[in-house]
>>> print(open('data.txt').read())   # compact mmCIF, C-alpha atoms (C1' of nucleotides)
# COMPACT_ATOMS: atom_id res chain seq x y z
CA MET A 1464 107.73 63.92 142.09
CA GLU A 1465 104.89 64.90 139.81
CA ALA A 1466 103.18 66.52 142.75
CA ARG A 1467 106.20 68.65 143.46
CA ILE A 1468 106.45 69.72 139.86
CA GLU A 1469 102.80 70.62 139.90
CA LYS A 1470 103.38 72.71 142.96
CA ILE A 1471 106.26 74.56 141.38
CA LYS A 1472 104.14 75.10 138.31
CA GLN A 1473 101.55 76.78 140.44
CA GLN A 1474 104.16 78.94 142.12
CA LEU A 1475 105.31 80.10 138.72
CA GLN A 1476 101.85 80.75 137.42
CA ALA A 1477 100.91 82.67 140.52
CA GLN A 1478 103.53 85.21 139.45
CA GLY A 1479 102.61 85.16 135.79
CA TYR A 1480 105.34 82.79 134.61
CA LYS A 1481 105.01 79.60 132.64
CA LEU A 1482 106.42 76.16 133.22
CA THR A 1483 107.88 75.67 129.78
CA PRO A 1484 109.38 72.34 128.70
CA GLN A 1485 112.84 73.76 129.28
CA ARG A 1486 111.98 74.90 132.76
CA GLU A 1487 110.35 71.61 133.55
CA ALA A 1488 113.43 69.72 132.42
CA THR A 1489 115.57 71.93 134.62
CA VAL A 1490 113.34 71.41 137.61
CA ARG A 1491 113.38 67.66 137.08
CA VAL A 1492 117.16 67.66 137.13
CA LEU A 1493 117.09 69.56 140.40
CA LEU A 1494 114.61 67.13 141.89
CA GLU A 1495 116.62 64.13 140.78
CA ASN A 1496 119.78 65.54 142.32
CA GLU A 1497 118.30 66.96 145.42
CA GLU A 1498 121.17 65.78 147.58
CA ASP A 1499 123.83 67.58 145.61
CA HIS A 1500 124.65 71.23 145.33
CA LEU A 1501 124.79 71.64 141.60
CA SER A 1502 126.38 74.55 139.86
CA ALA A 1503 124.67 76.14 136.88
CA GLU A 1504 127.12 74.39 134.63
CA ASP A 1505 126.33 71.06 136.27
CA VAL A 1506 122.64 71.61 135.75
CA TYR A 1507 123.26 72.57 132.16
CA MET A 1508 125.10 69.33 131.47
CA LEU A 1509 122.39 67.23 133.06
CA VAL A 1510 119.55 69.03 131.34
CA LYS A 1511 121.30 68.59 128.01
CA ASP A 1512 120.75 64.86 128.33
CA LYS A 1513 117.03 65.35 128.59
CA ALA A 1514 116.62 68.29 126.24
CA PRO A 1515 119.71 68.69 124.06
CA GLU A 1516 118.46 71.83 122.37
CA ILE A 1517 118.39 73.87 125.54
CA GLY A 1518 120.66 76.88 125.78
CA LEU A 1519 122.97 77.77 128.60
CA ALA A 1520 121.36 81.16 129.02
CA THR A 1521 117.99 79.55 129.60
CA VAL A 1522 119.38 77.43 132.39
CA TYR A 1523 120.86 80.50 134.04
CA ARG A 1524 117.60 82.37 133.61
CA THR A 1525 115.59 79.52 135.00
CA LEU A 1526 117.79 79.12 138.05
CA GLU A 1527 117.68 82.85 138.65
CA LEU A 1528 113.91 82.82 138.38
CA LEU A 1529 113.54 79.88 140.72
CA ASN A 1530 115.80 81.65 143.15
CA GLU A 1531 113.63 84.74 143.10
CA LEU A 1532 110.57 82.62 143.73
CA HIS A 1533 112.41 80.95 146.61
CA VAL A 1534 112.02 77.57 145.01
CA VAL A 1535 115.76 77.10 145.08
CA GLU A 1536 118.45 78.67 147.16
CA LYS A 1537 121.52 80.15 145.53
CA MET A 1538 124.58 79.48 147.62
CA ASN A 1539 128.21 80.43 147.50
CA PHE A 1540 130.98 78.24 148.85
CA GLY A 1541 133.93 80.36 147.87
CA ASP A 1542 135.06 78.30 144.92
CA GLY A 1543 133.84 80.92 142.49
CA VAL A 1544 130.65 79.24 141.33
CA ALA A 1545 127.09 79.64 142.52
CA ARG A 1546 125.33 76.47 143.55
CA TYR A 1547 121.64 75.82 143.68
CA ASP A 1548 119.57 73.92 146.15
CA LEU A 1549 115.91 73.07 146.23
CA ARG A 1550 114.35 74.49 149.34
CA ASN A 1551 112.35 72.36 151.66
CA ASN A 1552 109.38 74.21 152.93
CA ASP A 1553 109.85 73.06 156.49
CA LYS A 1554 112.64 75.64 156.39
CA ASN A 1555 114.76 74.49 159.28
CA HIS A 1556 117.89 76.08 157.95
CA HIS A 1557 120.02 74.11 160.35
CA HIS A 1558 122.05 72.72 157.56
CA HIS A 1559 125.79 72.64 157.73
CA HIS A 1560 128.23 71.73 155.03
CA LEU A 1561 131.01 69.26 154.66
CA ILE A 1562 133.26 70.56 151.93
CA CYS A 1563 135.83 68.13 150.61
CA VAL A 1564 139.11 69.84 149.81
CA GLN A 1565 140.13 66.95 147.64
CA CYS A 1566 137.21 66.36 145.30
CA GLY A 1567 135.23 69.53 145.96
CA ALA A 1568 132.03 67.70 146.90
CA VAL A 1569 129.66 69.46 149.25
CA ASP A 1570 127.56 67.33 151.56
CA GLU A 1571 124.88 68.54 153.86
CA ILE A 1572 124.05 67.83 157.44
CA MET A 1573 120.60 68.57 158.69
CA GLU A 1574 121.12 68.10 162.40
CA ASP A 1575 120.78 71.06 164.68
CA TRP A 1576 124.09 71.19 166.47
CA LEU A 1577 124.26 74.78 167.42
CA GLY A 1578 121.27 75.25 169.68
CA PRO A 1579 123.28 74.90 172.91
CA LEU A 1580 126.01 77.12 171.54
CA GLU A 1581 123.56 79.86 170.72
CA GLU A 1582 122.34 79.77 174.28
CA ARG A 1583 125.87 80.15 175.56
CA LEU A 1584 126.49 83.03 173.23
CA ALA A 1585 123.47 84.82 174.59
CA LYS A 1586 124.49 84.25 178.20
CA GLU A 1587 128.23 84.64 178.13
CA TYR A 1588 128.74 87.06 175.29
CA ASN A 1589 125.45 88.90 175.29
CA PHE A 1590 125.23 88.17 171.59
CA LYS A 1591 121.78 87.68 170.13
CA VAL A 1592 122.05 85.20 167.28
CA ILE A 1593 120.01 85.79 164.16
CA ASP A 1594 121.63 83.37 161.78
CA HIS A 1595 124.65 81.17 161.51
CA ARG A 1596 126.80 79.34 159.08
CA LEU A 1597 128.92 76.31 159.78
CA ASP A 1598 131.16 74.81 157.14
CA PHE A 1599 133.75 72.11 157.62
CA GLN A 1600 136.62 71.65 155.25
CA GLY A 1601 138.22 68.27 155.13
CA ILE A 1602 138.37 64.92 153.38
CA CYS A 1603 135.03 63.32 152.60
CA HIS A 1604 134.16 59.68 153.12
CA ARG A 1605 134.44 58.90 149.42
CA CYS A 1606 138.02 60.17 149.22
CA ASN A 1607 138.84 58.52 152.53
CA GLU A 1608 137.73 55.17 151.20
CA LYS A 1609 139.65 55.57 148.00
CA GLN A 1610 143.01 55.58 149.75
CA MET B 1272 154.76 62.24 142.66
CA GLU B 1273 152.32 63.13 139.92
CA ALA B 1274 149.53 61.80 142.08
CA ARG B 1275 150.49 64.09 144.92
CA ILE B 1276 150.62 67.07 142.62
CA GLU B 1277 147.23 66.15 141.28
CA LYS B 1278 145.91 66.00 144.81
CA ILE B 1279 147.26 69.44 145.62
CA LYS B 1280 145.79 70.73 142.41
CA GLN B 1281 142.38 69.52 143.49
CA GLN B 1282 142.75 71.09 146.88
CA LEU B 1283 143.52 74.40 145.26
CA GLN B 1284 140.66 74.19 142.83
CA ALA B 1285 138.20 73.28 145.54
CA GLN B 1286 138.83 76.72 146.97
CA GLY B 1287 138.83 78.54 143.66
CA TYR B 1288 142.57 78.69 143.13
CA LYS B 1289 144.62 77.47 140.21
CA LEU B 1290 147.76 75.40 139.94
CA THR B 1291 149.74 77.72 137.73
CA PRO B 1292 153.09 76.70 136.22
CA GLN B 1293 154.87 78.77 138.86
CA ARG B 1294 152.98 77.10 141.66
CA GLU B 1295 153.55 73.68 140.19
CA ALA B 1296 157.28 74.33 139.97
CA THR B 1297 157.28 75.41 143.59
CA VAL B 1298 155.36 72.35 144.70
CA ARG B 1299 157.75 70.11 142.80
CA VAL B 1300 160.69 71.62 144.60
CA LEU B 1301 158.98 70.98 147.91
CA LEU B 1302 158.25 67.39 146.98
CA GLU B 1303 161.81 66.77 145.83
CA ASN B 1304 163.21 68.12 149.07
CA GLU B 1305 160.68 66.71 151.41
CA GLU B 1306 163.28 65.75 153.99
CA ASP B 1307 164.65 69.23 154.37
CA HIS B 1308 163.16 72.27 156.00
CA LEU B 1309 163.58 74.75 153.22
CA SER B 1310 163.40 78.46 153.75
CA ALA B 1311 161.58 80.63 151.27
CA GLU B 1312 164.90 81.77 149.89
CA ASP B 1313 165.99 78.16 149.44
CA VAL B 1314 162.83 77.38 147.59
CA TYR B 1315 163.28 80.43 145.45
CA MET B 1316 166.78 79.39 144.41
CA LEU B 1317 165.68 75.88 143.56
CA VAL B 1318 162.64 77.00 141.65
CA LYS B 1319 164.76 79.40 139.64
CA ASP B 1320 166.52 76.43 138.09
CA LYS B 1321 163.24 75.08 136.80
CA ALA B 1322 161.55 78.36 135.97
CA PRO B 1323 164.05 81.20 135.84
CA GLU B 1324 161.47 83.88 135.20
CA ILE B 1325 159.69 83.35 138.50
CA GLY B 1326 159.60 86.23 140.96
CA LEU B 1327 160.48 86.07 144.62
CA ALA B 1328 157.12 87.45 145.64
CA THR B 1329 155.38 84.65 143.82
CA VAL B 1330 157.30 82.06 145.78
CA TYR B 1331 156.37 83.74 149.04
CA ARG B 1332 152.76 84.01 147.97
CA THR B 1333 152.65 80.39 146.92
CA LEU B 1334 154.10 79.21 150.21
CA GLU B 1335 151.66 81.36 152.11
CA LEU B 1336 148.75 80.00 150.11
CA LEU B 1337 149.85 76.41 150.59
CA ASN B 1338 150.15 77.13 154.28
CA GLU B 1339 146.59 78.39 154.44
CA LEU B 1340 145.37 75.31 152.65
CA HIS B 1341 147.28 73.14 155.11
CA VAL B 1342 149.38 71.63 152.37
CA VAL B 1343 152.51 72.97 153.93
CA GLU B 1344 153.42 73.91 157.45
CA LYS B 1345 155.16 77.16 158.14
CA MET B 1346 157.64 76.72 160.95
CA ASN B 1347 159.75 79.13 162.89
CA PHE B 1348 162.97 77.96 164.50
CA GLY B 1349 163.92 81.31 165.96
CA ASP B 1350 166.63 81.97 163.45
CA GLY B 1351 164.54 84.65 161.81
CA VAL B 1352 163.70 82.53 158.80
CA ALA B 1353 160.41 80.82 158.17
CA ARG B 1354 160.77 77.29 156.95
CA TYR B 1355 158.25 75.23 155.10
CA ASP B 1356 157.34 71.60 155.42
CA LEU B 1357 154.97 69.47 153.47
CA ARG B 1358 152.54 67.78 155.76
CA ASN B 1359 149.86 65.17 155.61
CA ASN B 1360 148.17 65.39 158.96
CA ASP B 1361 146.89 68.61 160.30
CA LYS B 1362 146.11 70.26 163.51
CA ASN B 1363 142.95 72.28 163.66
CA HIS B 1364 142.78 75.93 164.34
CA HIS B 1365 139.72 77.15 166.09
CA HIS B 1366 138.37 80.56 165.58
CA HIS B 1367 134.79 81.59 165.18
CA HIS B 1368 133.25 84.91 164.35
CA LEU B 1369 130.48 86.94 165.86
CA ILE B 1370 129.35 89.32 163.16
CA CYS B 1371 127.13 92.14 164.27
CA VAL B 1372 124.50 93.01 161.69
CA GLN B 1373 123.98 96.39 163.32
CA CYS B 1374 127.42 97.91 163.69
CA GLY B 1375 129.38 95.51 161.48
CA ALA B 1376 131.86 94.59 164.20
CA VAL B 1377 133.51 91.20 163.94
CA ASP B 1378 134.58 89.56 167.17
CA GLU B 1379 136.64 86.43 167.36
CA ILE B 1380 136.17 83.53 169.68
CA MET B 1381 139.08 81.26 170.25
CA GLU B 1382 137.34 78.59 172.29
CA ASP B 1383 137.21 75.14 170.84
CA TRP B 1384 133.54 74.46 170.59
CA LEU B 1385 133.58 72.04 167.78
CA GLY B 1386 135.89 69.34 169.07
CA PRO B 1387 133.07 66.98 169.99
CA LEU B 1388 131.33 67.70 166.72
CA GLU B 1389 134.45 66.91 164.77
CA GLU B 1390 134.72 63.59 166.52
CA ARG B 1391 131.17 62.79 165.58
CA LEU B 1392 131.87 63.78 162.00
CA ALA B 1393 134.81 61.42 161.89
CA LYS B 1394 132.84 58.56 163.38
CA GLU B 1395 129.44 58.95 161.84
CA TYR B 1396 130.26 60.53 158.52
CA ASN B 1397 133.82 59.35 157.97
CA PHE B 1398 134.77 62.95 157.31
CA LYS B 1399 138.26 64.03 158.31
CA VAL B 1400 138.09 67.66 159.34
CA ILE B 1401 140.96 69.92 158.34
CA ASP B 1402 139.43 73.27 159.04
CA HIS B 1403 136.12 74.81 159.78
CA ARG B 1404 134.33 78.06 159.66
CA LEU B 1405 131.62 79.05 162.08
CA ASP B 1406 130.08 82.46 161.77
CA PHE B 1407 127.20 83.80 163.76
CA GLN B 1408 125.23 86.78 162.59
CA GLY B 1409 123.39 88.74 165.21
CA ILE B 1410 123.48 91.71 167.56
CA CYS B 1411 126.68 92.20 169.51
CA HIS B 1412 126.94 93.05 173.20
CA ARG B 1413 127.83 96.66 172.49
CA CYS B 1414 124.71 97.24 170.47
CA ASN B 1415 122.63 95.29 172.97
CA GLU B 1416 123.82 97.51 175.79
CA LYS B 1417 123.23 100.70 173.89
CA GLN B 1418 119.51 100.14 173.77
C1' DC C 16 90.21 78.76 114.11
C1' DA C 17 93.10 82.71 113.09
C1' DC C 18 95.28 86.74 115.16
C1' DT C 19 97.94 89.18 118.33
C1' DA C 20 100.65 90.53 122.18
C1' DT C 21 104.14 89.12 124.80
C1' DA C 22 106.69 85.70 127.33
C1' DA C 23 110.39 82.72 126.51
C1' DT C 24 114.21 80.83 124.02
C1' DG C 25 118.99 79.88 121.79
C1' DA C 26 123.18 81.64 120.12
C1' DT C 27 126.73 84.38 121.09
C1' DA C 28 129.20 88.59 122.15
C1' DC C 29 130.35 90.82 126.02
C1' DT C 30 131.43 92.26 130.86
C1' DA C 31 133.00 92.49 135.35
C1' DG C 32 135.46 90.62 138.82
C1' DG C 33 138.89 88.02 140.62
C1' DA C 34 143.12 85.22 140.33
C1' DC C 35 147.72 85.62 139.22
C1' DT C 36 152.04 87.60 137.92
C1' DG C 37 157.02 90.11 138.29
C1' DA C 38 159.17 94.04 139.99
C1' DT C 39 160.28 96.75 143.60
C1' DA C 40 159.70 99.79 147.51
C1' DG C 41 159.17 99.63 152.10
C1' DG C 42 158.07 97.40 156.74
C1' DA C 43 159.38 94.25 160.44
C1' DT C 44 162.52 91.84 163.09
C1' DT C 45 166.77 90.72 164.90
C1' DA D 354 172.22 98.00 159.45
C1' DA D 355 171.07 93.67 157.36
C1' DT D 356 167.96 90.29 156.30
C1' DC D 357 163.56 88.37 155.71
C1' DC D 358 159.19 89.20 154.26
C1' DT D 359 154.95 91.89 152.71
C1' DA D 360 152.33 95.45 150.31
C1' DT D 361 151.50 97.61 146.35
C1' DC D 362 151.21 98.43 141.51
C1' DA D 363 150.12 97.80 136.82
C1' DG D 364 149.01 94.58 133.84
C1' DT D 365 147.35 89.86 131.89
C1' DC D 366 144.34 86.14 131.75
C1' DC D 367 140.30 83.48 132.71
C1' DT D 368 135.56 82.54 133.24
C1' DA D 369 131.01 82.69 135.51
C1' DG D 370 127.37 85.07 134.51
C1' DT D 371 124.67 88.72 131.70
C1' DA D 372 122.88 91.45 127.86
C1' DT D 373 121.45 91.51 123.32
C1' DC D 374 118.67 90.27 119.64
C1' DA D 375 116.35 87.71 116.25
C1' DT D 376 113.22 83.96 116.42
C1' DT D 377 109.72 80.87 118.33
C1' DA D 378 106.16 79.24 121.50
C1' DT D 379 102.17 80.28 124.18
C1' DA D 380 97.91 82.01 126.14
C1' DG D 381 94.18 84.76 125.53
C1' DT D 382 90.67 86.99 122.57
C1' DG D 383 87.30 87.30 119.42
>>> encode(input="data.txt", output="structure tokens")
Amino acid sequence: MEARIEKIKQQLQAQGYKLTPQREATVRVLLENEEDHLSAEDVYMLVKDKAPEIGLATVYRTLELLNELHVVEKMNFGDGVARYDLRNNDKNHHHHHLICVQCGAVDEIMEDWLGPLEERLAKEYNFKVIDHRLDFQGICHRCNEKQ
Amino acid sequence: MEARIEKIKQQLQAQGYKLTPQREATVRVLLENEEDHLSAEDVYMLVKDKAPEIGLATVYRTLELLNELHVVEKMNFGDGVARYDLRNNDKNHHHHHLICVQCGAVDEIMEDWLGPLEERLAKEYNFKVIDHRLDFQGICHRCNEKQ
DNA sequence: CACTATAATGATACTAGGACTGATAGGATT
DNA sequence: AATCCTATCAGTCCTAGTATCATTATAGTG
């Protein structure tokens, strides 16, 4: 945890930025909720608990900055809000999404399911894959269990 | 009743849509006439009682939207009128996209490639798939052959 | 330590884009 | 032609995100 913050601090400083208390609080929230895909508003709420005096604009600015430094990834799921994800440096972007149409939760799957498909695409369709995106819409396990 | 409306509201919001008064009135009519197969015109007449200022186009748009979200099923009995049915269980529709980053073409693939994956999702993640979206970015066969 | 330049912040007004609407003209289908 | 449906238009509303600006914190320098 501390090590990862230290690393991010160095990434910032390498570009001439500072890890201010507000930025550190924001980064901590992201680290503590690494599994989720938080929106800026979500992050704002969570950071407020740690540092109540922080402003919304600062959170937006921090997330934007972290995105530029490739510390987080800014993603769009079509519900009108940007969501932010810490990036793992092992950068296997074989992550797919399970989007719950009932509660709006977004879960991630890290398995690589599309390798065989990409081979077929190359052979049968003469299509050279550069990137892909796989999202499932449905009912998540939490909502399933509720009923 | 209220619970079902709430559920539909969440489904809408998960995709960035809103449950407006007009839409809610329409949904209520559908719920109250769940046994029947109402046509759009039928729905329009019934909604008019609740919300006289509603426009016909809005009813059509609402039904179309609910159809896309798999809240309602649009059926055709060959009498030239589409009829709408609330539904709980859904069939999947399979279409994937090959998006060429060079010429911008978008090809569609109708094969069902994700059936096995969806089974695994149900078993291992307890996630009930309603719909999915699989897009590949790459170089299409036309561009490949050109070079 | 004091001084300074500037990076960063908080509050808030603002913007831009998209969702949504009713009316109606026109397209599609039978 | 008649009926069902869709496209378009002009306008409203909402809100995620940005720009502004006065103020404060910070790092570097001497």
>>> closest_atom_pairs(input="data.txt", of="chain B", to="chain A", cutoff="6 Å", atoms="all atoms listed in the file", output="tab-separated table")
residue	atom	partner	partner_atom	distance
B:Gln1281	CA	A:Gln1565	CA	5.4
B:Gln1282	CA	A:Val1564	CA	4.8
B:Ala1285	CA	A:Gly1567	CA	4.8
B:Gln1286	CA	A:Asp1542	CA	4.6
B:Gly1287	CA	A:Asp1542	CA	4.0
B:Asn1397	CA	A:His1604	CA	4.9
B:Phe1398	CA	A:Cys1603	CA	4.7
B:Lys1399	CA	A:Ile1602	CA	5.0
B:Val1400	CA	A:Gly1601	CA	4.3
B:Ile1401	CA	A:Gly1601	CA	4.5
B:Asp1402	CA	A:Gln1600	CA	5.0
B:His1403	CA	A:Phe1599	CA	4.2
B:Arg1404	CA	A:Asp1598	CA	5.2
B:Leu1405	CA	A:Leu1597	CA	4.5
B:Asp1406	CA	A:Arg1596	CA	5.3
B:Phe1407	CA	A:His1595	CA	4.3
B:Gln1408	CA	A:Asp1594	CA	5.0
B:Gly1409	CA	A:Val1592	CA	4.3
B:Ile1410	CA	A:Lys1591	CA	5.1
B:Cys1411	CA	A:Phe1590	CA	4.8
B:His1412	CA	A:Asn1589	CA	4.9
>>> residues_around(input="data.txt", residues="DC29 of chain C", least_positions_apart="5", cutoff="10 Å", atoms="only C-alpha atoms (C1' of nucleotides)", output="ChimeraX atom specification")
/D:371-373
>>> calpha_fit_rmsd(input="data.txt", fixed="chain B", moving="chain A")
14.1 Å
>>> interface_residues(input="data.txt", of="chain D", to="chain A", cutoff="9 Å", atoms="all atoms listed in the file", output="mmCIF file with C-alpha atoms (C1' of nucleotides), keeping the file's coordinate frame")
data_model
loop_
_atom_site.group_PDB
_atom_site.id
_atom_site.type_symbol
_atom_site.label_atom_id
_atom_site.label_comp_id
_atom_site.auth_asym_id
_atom_site.auth_seq_id
_atom_site.Cartn_x
_atom_site.Cartn_y
_atom_site.Cartn_z
ATOM 1 C "C1'" DA D 369 131.010 82.690 135.510
ATOM 2 C "C1'" DG D 370 127.370 85.070 134.510
ATOM 3 C "C1'" DT D 371 124.670 88.720 131.700
ATOM 4 C "C1'" DT D 379 102.170 80.280 124.180
#
>>> residues_around(input="data.txt", residues="segment 1303-1306 of chain B", least_positions_apart="6", cutoff="12 Å", atoms="all atoms listed in the file", output="PyMOL selection string")
chain B and resi 1272-1273+1275-1276+1296-1297+1313-1314+1317-1318+1343-1344+1354-1359
>>> write_last_selection(input="data.txt", atoms="C-alpha atoms", output="CSV table (one decimal), keeping the file's coordinate frame")
chain,number,residue,atom,x,y,z
B,1272,MET,CA,154.8,62.2,142.7
B,1273,GLU,CA,152.3,63.1,139.9
B,1275,ARG,CA,150.5,64.1,144.9
B,1276,ILE,CA,150.6,67.1,142.6
B,1296,ALA,CA,157.3,74.3,140.0
B,1297,THR,CA,157.3,75.4,143.6
B,1313,ASP,CA,166.0,78.2,149.4
B,1314,VAL,CA,162.8,77.4,147.6
B,1317,LEU,CA,165.7,75.9,143.6
B,1318,VAL,CA,162.6,77.0,141.6
B,1343,VAL,CA,152.5,73.0,153.9
B,1344,GLU,CA,153.4,73.9,157.4
B,1354,ARG,CA,160.8,77.3,157.0
B,1355,TYR,CA,158.2,75.2,155.1
B,1356,ASP,CA,157.3,71.6,155.4
B,1357,LEU,CA,155.0,69.5,153.5
B,1358,ARG,CA,152.5,67.8,155.8
B,1359,ASN,CA,149.9,65.2,155.6
>>> closest_atom_pairs(input="data.txt", of="chain C", to="chain B", cutoff="8 Å", atoms="all atoms listed in the file", output="CSV")
residue,atom,partner,partner_atom,distance
C:DA34,C1',B:Tyr1288,CA,7.1
C:DT36,C1',B:Thr1329,CA,7.4
C:DG37,C1',B:Gly1326,CA,5.4
C:DA38,C1',B:Gly1326,CA,7.9
C:DT44,C1',B:Gly1351,CA,7.6
C:DT45,C1',B:Gly1351,CA,7.2
>>> atom_distance(input="data.txt", atom1="atom CA of Leu1340 of chain B", atom2="atom CA of Met1573 of chain A")
26.4 Å
>>> atom_distance(input="data.txt", atom1="atom CA of Asp1378 of chain B", atom2="atom CA of His1558 of chain A")
23.1 Å
>>> atom_distance(input="data.txt", atom1="atom C1' of DC35 of chain C", atom2="atom C1' of DT361 of chain D")
14.5 Å
